[in-house]
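The structure appears below as structure tokens.
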Amino acid sequence: MKIDVKNINLIAQKEILSSFRNKWFLIYTIVFAVLSLALSLIGLSGLETYGVSGFGRTTASLINMILLFVPLMGLTLGAMSIAYERERGTLLYILSQPISYFEVLIGKYFGLALSTLGSLVLGFGLSGFVIAYKGGSADISSYAYFIFLTFLLALVSLSIGMFISSYFKKYDTALGVSIFAWLFLVIFSDLGIIGTSFLINLDINQVFILSLLNPLQVFKLSAIFSLRDNLEILGPVGVYAVRNYGSSLQFILIGILFSSATIFIIFTNKLFKSKGAV
Amino acid sequence: MIKIKNLSKDFGKTKALNNLNINFIKAEAAALWGSNGAGKTTLIRCLLGVIPFKGEILVDNKNLITNDKEIKKLIGFVPQEISLHDNLSVEETINFYSQIKKTNISSIGRWNEILGINNFKEKQIKELSGGMKQKIALAIALLGNPPILLLDEPTSNLDLKSREDFLHLLSMLKKEGKTILFSSHRIEEVLSFADRVLVLDNGNLIADASPMEIYKRFGKNGTLKIFINSSLFENAIEVLAQKGFQSSPNGRGIVVKVDPDLKIEPIKILLDQGMSIENFDYDVELF
């Protein structure tokens, strides 16, 4: 079937407009901006004493916040997107018009992605402005790279959220499952890897590959690797990754994040169509 | 114009539609009639291509599955529950759907004036009454002047006045030569508006005939719902019982079992007693 880019653009525009009128999206944006600002001010507190660059310190302190916050934002907003419209009947109404499931899905995804990017840029922008104003200067490129990585993490989270959303008829159920998925990715998957490696004696390569199945771990590896030349801070797995993959590690990690987002959207498209509009 | 071949739809173990074969010709007004769960809405959703199904649907000899967008341009749809985006204005909503249909509001011609859209185009969707939303849904359905209209219980959520207005609009569209397929459980609508009635029961097509034939065959066991103030329930039931009508309280009104030929009698009796009637509804049960 021929894809109509104008339809995708139209749905994306509506999604952006809806995002800025969605209280949850506004709450996420404000909380992210406040947290980013607070962490950058804390990061700057040792600037004069230690002489460390402001952007590098801020990036390091932001990683843990991003690991918790951005997946929560992406998963829940993604989970609300289709199930909410399905439950209210607006999805049925849109899909009864001359527009395909794929165009609706991709339009919604792009719209949400751009809204989320706007929200992230606002938070990072405020931090960047404060750092620059307070005199931190170096590592601007790695800060920009960090924003790019965060956006990739948001894309993966959104696509997983939309995958969940396309399956469920009820908005509450989709939201609940997305929060469970967030908990799983943030806490249980780490515990699972530790437990599995302990129980069945996994070798370091297997532990590394298992950790790559979690996009949050991939983001963490990539973000820390962009700040320093090694991953010793992450223990044996980090050392193993750098030793075996060297400078290509960063490309592999970005490739994994990008592929995860794409694969989930492909599966979401199939699931969305098979589940229908109601 | 529309050919349905061996159409079936299951929801788990429930057969919502069972091997339906139906043809609709151009410019006819066909009613889908049946009780709740009979399959009316499911059939309309299959015709819109918004749920997967087994079988084949052809519109102008083109397969719905393979010519999805092309066929949807030929169809205007008014759902039972008007679900528009609450956070958009009327104007934004109509522009949005105009762009999907690759047309503009001028394509509905005189209907813009008839429906009075300009009077409330600045309003947010969430501020509108059910009747206004229905008018917007009809305006959207008419964008691009499609030859087919699918209406799923279009009057079920309207008050008496809005319902009469809406049926009047539909009569005008019927005169314009639109092919209209609508579902309803109201016998009056079916009798006054349809050229043909298809009766569905548990997903099966059990009758396909003219409205009068359907009325003769199924027009028994009517239920008249009279909406009156709850303080009048007891008195109304007693007065009706004295005249030989059995009735009982039900939600916002009372329910009277009455044959179609006599359906006006209980209303007359209550009015003669000086009781104020807020609304009424008449249903004919199947079998």
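Following the order of the structure tokens, chains are lettered A, B, ..., residues in each are numbered from 1, and ligands are numbered from 1.
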
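Proximity to chain B at a cut-off of 7 Å picks out Asn7, Ser18, Arg88, Gly89, Thr90, Leu92, Tyr93, Leu95, Ser96, Gln97, Pro98, Ile99, Ser274, Gly276 and Ala277 of chain A on chain A, counting only C-alpha atoms.
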
Selection from above, C-alpha atoms, as a tab-separated table (two decimals), in the first residue's frame, can you write it?
```tsv
chain	number	residue	atom	x	y	z
A	7	ASN	CA	-1.18	11.83	6.53
A	18	SER	CA	-2.26	17.04	22.00
A	88	ARG	CA	-12.35	6.59	23.87
A	89	GLY	CA	-13.32	5.57	20.34
A	90	THR	CA	-11.29	8.29	18.59
A	92	LEU	CA	-12.03	3.93	15.46
A	93	TYR	CA	-13.14	7.26	14.07
A	95	LEU	CA	-9.21	4.73	11.11
A	96	SER	CA	-12.64	4.87	9.46
A	97	GLN	CA	-11.19	7.69	7.34
A	98	PRO	CA	-8.91	7.17	4.30
A	99	ILE	CA	-5.76	6.65	6.34
A	274	SER	CA	-4.14	-7.41	13.95
A	276	GLY	CA	-7.84	-3.43	15.07
A	277	ALA	CA	-9.30	-0.11	16.15
```

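Residues in contact with region 159-171 of chain B at 7 Å, where only C-alpha atoms are counted and same-chain residues fewer than 4 positions away are skipped, are listed as Gly131, Thr155, Lys175 and Asn279 of chain B.
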
request  = Please give the complete set of residues from region 27-263 of chain B that DSSP, run on the backbone, assigns to strand (DSSP E), formatted as number ranges by chain.
outcome  = B: 29-33, 54-59, 62-63, 75-78, 148-152, 179-184, 196-201, 204-209, 222-227, 247-250, 253-257

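Neighbours of Ser19 (chain A) closer than or equal to 10 Å, with only C-alpha atoms counted and sequence neighbours fewer than 6 positions away skipped, come out as Gln13, Phe25, Leu26, Leu77, Ser81, Gly111, Leu112, Leu114, Ser115 and Thr116 of chain A.
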
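Distance annotation: of A:Phe69, A:Phe32, A:Phe267, A:Tyr143, the residue with the minimal separation from Leu216 (chain A) is A:Phe69; atom set is only C-alpha atoms.
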
message = Neighbouring residues of Ser165 (chain A) were defined as those with any atom within 10 Å, considering only C-alpha atoms; residues of the same chain fewer than 3 positions away were excluded. Please report them as JSON, numbers by chain.
response = {"A": [75, 76, 77, 78, 79, 80, 81, 82, 83, 84, 85, 86, 159, 160, 161, 162, 168, 169, 170, 171, 173, 174, 175, 177, 178, 268, 271, 272]}
